[in-house]
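Colleague: Just passing along the structure, written as structure tokens.
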Amino acid sequence: MARMNRLGIRARASRNTAMLHLASTTPPAVFAELIGISIGNATRWAELSGASWNRYAAQPRRRMPNDR
């Protein structure tokens, strides 16, 4: 990103917007693995985006008509 800044291209706002969108639509563990950051940082991005993944693992799977 430093080279882009030297060339006059400001990418931080676009990068942050993309990170917030991804954090709001992806569980923190998946988000962290996907972009190579710690789970703590991914959780912080999720908090900043307003996403609530607290109940993600606890949500029961809905039964489909053909399930036995």
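By convention in this document, the chains of the structure tokens carry letters A, B, ... by their order, each chain's residues are numbered from 1, and ligands are numbered from 1 in the order they are shown.
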When you look at Ser49 (chain A) with a cut-off of 12 Å (counting only C-alpha atoms), what residues show up, excluding the ones that are within fewer than 5 positions of it in the same chain? I need them as a list in words.
Modeller: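 Counting only C-alpha atoms, the residues come to Asn16, Thr17, Ala18, Met19, Leu20, His21, Leu22, Ala23, Ser24, Thr25, Thr26, Pro27, Pro28, Ala42, Thr43 and Arg44 of chain A.
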Colleague: Please indicate the distance in Å from CA of Glu33 (chain A) to CA of Arg15 (chain A), rounded to one decimal place.
Modeller: 17.5 Å
Colleague: Work out how far CA of Ser52 (chain A) is from CA of Gly36 (chain A), in Å to one decimal.
Modeller: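 Interatomic distance, CA of Gly36 (chain A) to CA of Ser52 (chain A): 20.9 Å.
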